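Novice: Right, I'll just put the structure down here and ask away after.
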Amino acid sequence: YDGRLRASYAAYNHLDEVVAAHSAVLEPSGARLYCGFERCIRIFDVCRPGRQCETRPTAATRKAREGQRGIISTIAFAPDWSGLYAAGSFGGTVGLYAESAPGCIAVLGGHTGGVTQLRFSPDGRHLFSGARRDGRILCWDVRNTCTVLGAYERAAPTNQRIGFDVTSDGGALITASADGRVLAFDVRAATSSGSTSAPEDG
């Protein structure tokens, strides 16, 4: 691979105008590209460049009470690619979806700002979500989607996307913080008993 453009994919709105994706990620097999737009996810087959795609609405209308409203700002897949994936929106919600189901399985609230990042734990049982203007990273049990297992505090007072990640063994959550620190949380206690632990400064 020499860095040249190999393929491009374009999405169009109802006026046949090109619209930009707000998020994009390859599913684990690498065969399809999932892109987030306002109230929908569009899926491109990487072997078919161009405008052909599958559109999956996350909410029927802008004011719909059911489903997930807002711009889909981040997408994450369960690591075993069981068909489960999550989408975060600037509306402040996280939606759980499955390849085998036509719509949203569950909508998770709890954030005070737009969701900017999602990460599954390596075993796929837990989902971590972070948002802008929200100082908490929430840990969800995807087997019991109404349960928040832990909330991990960091400084995130702006609209800037502040990143975090989970270690390969699933034992620690590492996050940047707007106050100039890197924080490390032991998440094993929360994912086993529902409690949280204090961070270690980095």
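Labels for the structure tokens follow display order: chains A, B, ..., residues from 1 in each chain, ligands from 1.
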Can you tell me, as a list of chain:residue names, which residues in chain A count as alpha helix (DSSP H) by DSSP?
Specialist: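 Matching residues for alpha helix (DSSP H) in chain A are A:Arg188, A:Ala189, A:Ala190, A:Thr191, A:Ser192, A:Ser193.
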Novice: Tell me, as a VMD selection string, which residues lie within 6 Å of His22 of chain A, counting only C-alpha atoms; anything in the same chain fewer than 3 positions away does not count.
Specialist: chain A and resid 36 to 37 73
Novice: Could you find all residues in segment 47-122 of chain A that DSSP calls strand (DSSP E) from the backbone, and write them as an NGL selection string?
Specialist: :A and (54-57 or 72-77 or 84-89 or 94-98 or 104-108 or 115-120)
Novice: Could those selected residues go to a file with C-alpha atoms, as a PDB file, in the first residue's frame?
Specialist:
```pdb
ATOM      1  CA  GLU A  54     -27.999   0.575   3.550  1.00  0.00           C
ATOM      2  CA  THR A  55     -29.725   3.167   5.729  1.00  0.00           C
ATOM      3  CA  ARG A  56     -30.844   2.249   9.241  1.00  0.00           C
ATOM      4  CA  PRO A  57     -32.941   4.953  10.940  1.00  0.00           C
ATOM      5  CA  ILE A  72     -24.858   9.691  15.667  1.00  0.00           C
ATOM      6  CA  SER A  73     -21.437  10.836  16.829  1.00  0.00           C
ATOM      7  CA  THR A  74     -19.703   7.553  17.688  1.00  0.00           C
ATOM      8  CA  ILE A  75     -20.152   3.821  17.017  1.00  0.00           C
ATOM      9  CA  ALA A  76     -18.540   0.817  18.718  1.00  0.00           C
ATOM     10  CA  PHE A  77     -18.786  -2.941  18.124  1.00  0.00           C
ATOM     11  CA  LEU A  84     -24.129  -6.272  18.927  1.00  0.00           C
ATOM     12  CA  TYR A  85     -23.053  -2.660  18.475  1.00  0.00           C
ATOM     13  CA  ALA A  86     -23.623   0.646  20.232  1.00  0.00           C
ATOM     14  CA  ALA A  87     -24.135   4.161  18.908  1.00  0.00           C
ATOM     15  CA  GLY A  88     -23.767   7.426  20.812  1.00  0.00           C
ATOM     16  CA  SER A  89     -25.582  10.605  19.837  1.00  0.00           C
ATOM     17  CA  VAL A  94     -26.459   5.577  23.842  1.00  0.00           C
ATOM     18  CA  GLY A  95     -28.381   3.119  21.684  1.00  0.00           C
ATOM     19  CA  LEU A  96     -27.813  -0.643  21.584  1.00  0.00           C
ATOM     20  CA  TYR A  97     -28.391  -2.375  18.245  1.00  0.00           C
ATOM     21  CA  ALA A  98     -28.128  -5.895  16.846  1.00  0.00           C
ATOM     22  CA  CYS A 104     -32.918  -0.084  18.590  1.00  0.00           C
ATOM     23  CA  ILE A 105     -32.822  -2.688  21.370  1.00  0.00           C
ATOM     24  CA  ALA A 106     -32.439  -0.137  24.154  1.00  0.00           C
ATOM     25  CA  VAL A 107     -31.722   3.563  24.645  1.00  0.00           C
ATOM     26  CA  LEU A 108     -29.478   4.407  27.592  1.00  0.00           C
ATOM     27  CA  VAL A 115     -21.862  11.308  23.720  1.00  0.00           C
ATOM     28  CA  THR A 116     -18.416  11.430  22.082  1.00  0.00           C
ATOM     29  CA  GLN A 117     -16.880   7.990  22.671  1.00  0.00           C
ATOM     30  CA  LEU A 118     -17.854   4.378  23.352  1.00  0.00           C
ATOM     31  CA  ARG A 119     -15.754   1.331  24.228  1.00  0.00           C
ATOM     32  CA  PHE A 120     -16.732  -2.263  24.901  1.00  0.00           C
TER      33      PHE A 120
END
```
Novice: So which residues touch segment 152-155 of chain A within 12 Å, counting only C-alpha atoms, skipping near sequence neighbours fewer than 2 positions away, as a PyMOL selection string?
Specialist: chain A and resi 128-140+148-150+157-164+172-187+190+195-201
Novice: Next, dump the selected residues to file, keeping only N, CA and C atoms, as a CSV table (one decimal), in the first residue's frame.
Specialist:
```
chain,number,residue,atom,x,y,z
A,128,PHE,N,-18.5,1.2,28.0
A,128,PHE,CA,-18.1,2.5,28.6
A,128,PHE,C,-18.5,3.6,27.7
A,129,SER,N,-19.1,4.7,28.2
A,129,SER,CA,-19.5,5.8,27.4
A,129,SER,C,-19.0,7.1,28.1
A,130,GLY,N,-18.5,8.1,27.2
A,130,GLY,CA,-18.1,9.4,27.7
A,130,GLY,C,-18.8,10.5,26.8
A,131,ALA,N,-18.9,11.6,27.4
A,131,ALA,CA,-19.7,12.7,26.7
A,131,ALA,C,-18.9,14.0,26.9
A,132,ARG,N,-19.2,15.0,26.0
A,132,ARG,CA,-18.7,16.3,26.2
A,132,ARG,C,-19.5,17.1,27.3
A,133,ARG,N,-18.8,18.0,27.9
A,133,ARG,CA,-19.4,18.8,29.0
A,133,ARG,C,-20.1,17.8,30.1
A,134,ASP,N,-19.4,16.7,30.3
A,134,ASP,CA,-19.9,15.7,31.3
A,134,ASP,C,-18.7,15.1,31.9
A,135,GLY,N,-18.5,15.3,33.2
A,135,GLY,CA,-17.3,14.8,33.8
A,135,GLY,C,-17.3,13.3,34.2
A,136,ARG,N,-18.2,12.5,33.7
A,136,ARG,CA,-18.3,11.1,34.1
A,136,ARG,C,-18.2,10.2,32.9
A,137,ILE,N,-17.5,9.1,33.0
A,137,ILE,CA,-17.5,8.0,32.1
A,137,ILE,C,-18.4,7.0,32.8
A,138,LEU,N,-19.4,6.5,32.1
A,138,LEU,CA,-20.3,5.6,32.6
A,138,LEU,C,-20.0,4.2,32.2
A,139,CYS,N,-20.2,3.2,33.0
A,139,CYS,CA,-20.0,1.8,32.7
A,139,CYS,C,-21.3,1.1,32.8
A,140,TRP,N,-21.7,0.5,31.7
A,140,TRP,CA,-23.0,-0.2,31.6
A,140,TRP,C,-22.8,-1.7,31.5
A,148,VAL,N,-26.3,1.0,35.5
A,148,VAL,CA,-25.0,1.7,35.5
A,148,VAL,C,-24.2,1.1,36.6
A,149,LEU,N,-23.1,0.4,36.2
A,149,LEU,CA,-22.3,-0.3,37.2
A,149,LEU,C,-21.3,0.7,37.9
A,150,GLY,N,-20.9,1.7,37.2
A,150,GLY,CA,-19.9,2.6,37.7
A,150,GLY,C,-19.9,3.9,37.0
A,157,PRO,N,-15.0,19.8,30.9
A,157,PRO,CA,-15.9,21.0,30.9
A,157,PRO,C,-16.2,21.6,29.6
A,158,THR,N,-15.6,21.1,28.5
A,158,THR,CA,-15.8,21.7,27.2
A,158,THR,C,-16.4,20.8,26.2
A,159,ASN,N,-16.6,21.3,25.0
A,159,ASN,CA,-17.1,20.4,23.9
A,159,ASN,C,-16.1,19.6,23.2
A,160,GLN,N,-14.8,19.8,23.6
A,160,GLN,CA,-13.7,19.0,23.1
A,160,GLN,C,-13.9,17.5,23.4
A,161,ARG,N,-13.6,16.7,22.4
A,161,ARG,CA,-13.6,15.2,22.6
A,161,ARG,C,-12.4,14.8,23.5
A,162,ILE,N,-12.6,14.2,24.6
A,162,ILE,CA,-11.5,13.8,25.5
A,162,ILE,C,-11.5,12.3,25.5
A,163,GLY,N,-10.4,11.7,25.1
A,163,GLY,CA,-10.4,10.2,24.8
A,163,GLY,C,-10.2,9.4,26.1
A,164,PHE,N,-10.6,8.1,26.0
A,164,PHE,CA,-10.4,7.1,27.0
A,164,PHE,C,-10.2,5.8,26.3
A,172,ALA,N,-8.6,-2.1,33.7
A,172,ALA,CA,-8.4,-0.7,34.0
A,172,ALA,C,-9.0,0.2,32.9
A,173,LEU,N,-9.4,1.3,33.3
A,173,LEU,CA,-9.9,2.4,32.4
A,173,LEU,C,-8.9,3.5,32.4
A,174,ILE,N,-8.4,3.9,31.3
A,174,ILE,CA,-7.4,5.0,31.2
A,174,ILE,C,-8.1,6.2,30.5
A,175,THR,N,-8.0,7.4,31.1
A,175,THR,CA,-8.7,8.5,30.5
A,175,THR,C,-7.8,9.8,30.6
A,176,ALA,N,-7.9,10.6,29.6
A,176,ALA,CA,-7.3,11.9,29.7
A,176,ALA,C,-8.3,12.8,30.5
A,177,SER,N,-7.8,13.9,31.0
A,177,SER,CA,-8.6,14.8,31.8
A,177,SER,C,-8.2,16.2,31.4
A,178,ALA,N,-9.2,17.1,31.4
A,178,ALA,CA,-8.9,18.5,30.9
A,178,ALA,C,-8.1,19.3,31.9
A,179,ASP,N,-7.8,18.8,33.1
A,179,ASP,CA,-7.0,19.5,34.1
A,179,ASP,C,-5.5,19.1,33.9
A,180,GLY,N,-5.1,18.4,32.8
A,180,GLY,CA,-3.8,18.1,32.5
A,180,GLY,C,-3.3,16.7,33.1
A,181,ARG,N,-4.2,15.9,33.6
A,181,ARG,CA,-3.8,14.6,34.2
A,181,ARG,C,-4.2,13.5,33.3
A,182,VAL,N,-3.6,12.3,33.5
A,182,VAL,CA,-4.1,11.1,32.9
A,182,VAL,C,-4.5,10.2,34.1
A,183,LEU,N,-5.7,9.7,34.1
A,183,LEU,CA,-6.3,9.0,35.2
A,183,LEU,C,-6.4,7.5,34.8
A,184,ALA,N,-6.1,6.7,35.8
A,184,ALA,CA,-6.3,5.2,35.6
A,184,ALA,C,-7.2,4.7,36.7
A,185,PHE,N,-8.3,4.1,36.3
A,185,PHE,CA,-9.3,3.5,37.2
A,185,PHE,C,-9.3,2.0,37.2
A,186,ASP,N,-9.3,1.4,38.4
A,186,ASP,CA,-9.5,-0.1,38.4
A,186,ASP,C,-11.0,-0.4,38.3
A,187,VAL,N,-11.4,-1.0,37.2
A,187,VAL,CA,-12.8,-1.2,36.9
A,187,VAL,C,-13.2,-2.6,37.3
A,190,ALA,N,-16.0,-2.7,40.0
A,190,ALA,CA,-17.3,-2.3,39.5
A,190,ALA,C,-18.0,-3.3,38.6
A,195,SER,N,-19.5,-1.5,42.3
A,195,SER,CA,-18.9,-0.4,43.0
A,195,SER,C,-17.8,0.3,42.2
A,196,THR,N,-17.4,1.5,42.6
A,196,THR,CA,-16.3,2.2,41.9
A,196,THR,C,-15.1,2.3,42.7
A,197,SER,N,-14.0,2.7,42.1
A,197,SER,CA,-12.8,2.9,42.8
A,197,SER,C,-12.1,4.2,42.5
A,198,ALA,N,-11.2,4.7,43.3
A,198,ALA,CA,-10.6,6.0,43.1
A,198,ALA,C,-9.5,5.8,42.0
A,199,PRO,N,-9.3,6.9,41.3
A,199,PRO,CA,-8.3,6.9,40.2
A,199,PRO,C,-6.9,7.0,40.7
A,200,GLU,N,-5.9,6.5,39.9
A,200,GLU,CA,-4.5,6.7,40.2
A,200,GLU,C,-4.1,7.8,39.2
A,201,ASP,N,-3.4,8.8,39.7
A,201,ASP,CA,-2.9,9.9,38.8
A,201,ASP,C,-1.8,9.4,37.9
```
Novice: Record the distance separating atom CA of Asp80 of chain A and atom CA of Glu27 of chain A, expressed in Å with one decimal.
Specialist: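 Going from atom CA of Asp80 of chain A over to atom CA of Glu27 of chain A, I get 10.7 Å.
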Novice: Write out as a list in words which residues come within 9 Å of Cys47 of chain A when counting only C-alpha atoms, dropping same-chain ones fewer than 4 positions away.
Specialist: Ala7, Ala31 and Arg32 of chain A
Novice: Put those residues in a file: C-alpha atoms, as a PDB file, in the first residue's frame.
Specialist:
```
ATOM      1  CA  ALA A   7     -11.958   3.954  -2.791  1.00  0.00           C
ATOM      2  CA  ALA A  31     -16.219  -5.887   5.234  1.00  0.00           C
ATOM      3  CA  ARG A  32     -18.541  -2.978   5.983  1.00  0.00           C
TER       4      ARG A  32
END
```
Novice: Distance atom CA of Arg51 of chain A-atom CA of Arg69 of chain A, one decimal place?
Specialist: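 Separating atom CA of Arg51 of chain A from atom CA of Arg69 of chain A is a distance of 23.9 Å.
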Novice: Could you give me, as a short mmCIF file (atom, residue, chain, number, x, y, z; two decimals) with N, CA and C atoms, in the first residue's frame, the residues within 9 Å of Pro79 of chain A, counting only C-alpha atoms and dropping anything in the same chain fewer than 2 positions from it?
Specialist:
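Everything below was put into part-v4.cif:
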```
data_model
loop_
_atom_site.label_atom_id
_atom_site.label_comp_id
_atom_site.auth_asym_id
_atom_site.auth_seq_id
_atom_site.Cartn_x
_atom_site.Cartn_y
_atom_site.Cartn_z
N PRO A 28 -15.88 -5.34 12.80
CA PRO A 28 -14.69 -6.16 13.07
C PRO A 28 -14.17 -6.99 11.92
N ALA A 76 -19.49 1.82 18.23
CA ALA A 76 -18.54 0.82 18.72
C ALA A 76 -19.17 -0.56 18.57
N PHE A 77 -18.32 -1.58 18.33
CA PHE A 77 -18.79 -2.94 18.12
C PHE A 77 -18.32 -3.84 19.26
N TRP A 81 -17.82 -9.66 17.80
CA TRP A 81 -18.71 -9.45 16.67
C TRP A 81 -19.86 -10.45 16.68
N SER A 82 -20.59 -10.40 17.80
CA SER A 82 -21.78 -11.21 17.98
C SER A 82 -22.99 -10.58 17.30
N PHE A 120 -16.34 -1.02 24.26
CA PHE A 120 -16.73 -2.26 24.90
C PHE A 120 -15.54 -2.82 25.67
N SER A 121 -15.83 -3.54 26.74
CA SER A 121 -14.77 -4.28 27.44
C SER A 121 -14.34 -5.44 26.55
N PRO A 122 -13.14 -5.98 26.74
CA PRO A 122 -12.65 -7.06 25.87
C PRO A 122 -13.57 -8.29 25.84
N ASP A 123 -14.29 -8.54 26.93
CA ASP A 123 -15.20 -9.69 26.93
C ASP A 123 -16.58 -9.35 26.36
N GLY A 124 -16.81 -8.09 26.02
CA GLY A 124 -18.07 -7.68 25.41
C GLY A 124 -19.23 -7.54 26.36
#
```
Novice: Considering only C-alpha atoms, state which residue in the set A:Gly67, A:Gly83, A:Gly109, A:Gly171 is at the smallest distance from Ser29 of chain A.
Specialist: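 Ranking A:Gly67, A:Gly83, A:Gly109, A:Gly171 by distance to Ser29 of chain A, first place goes to A:Gly83.
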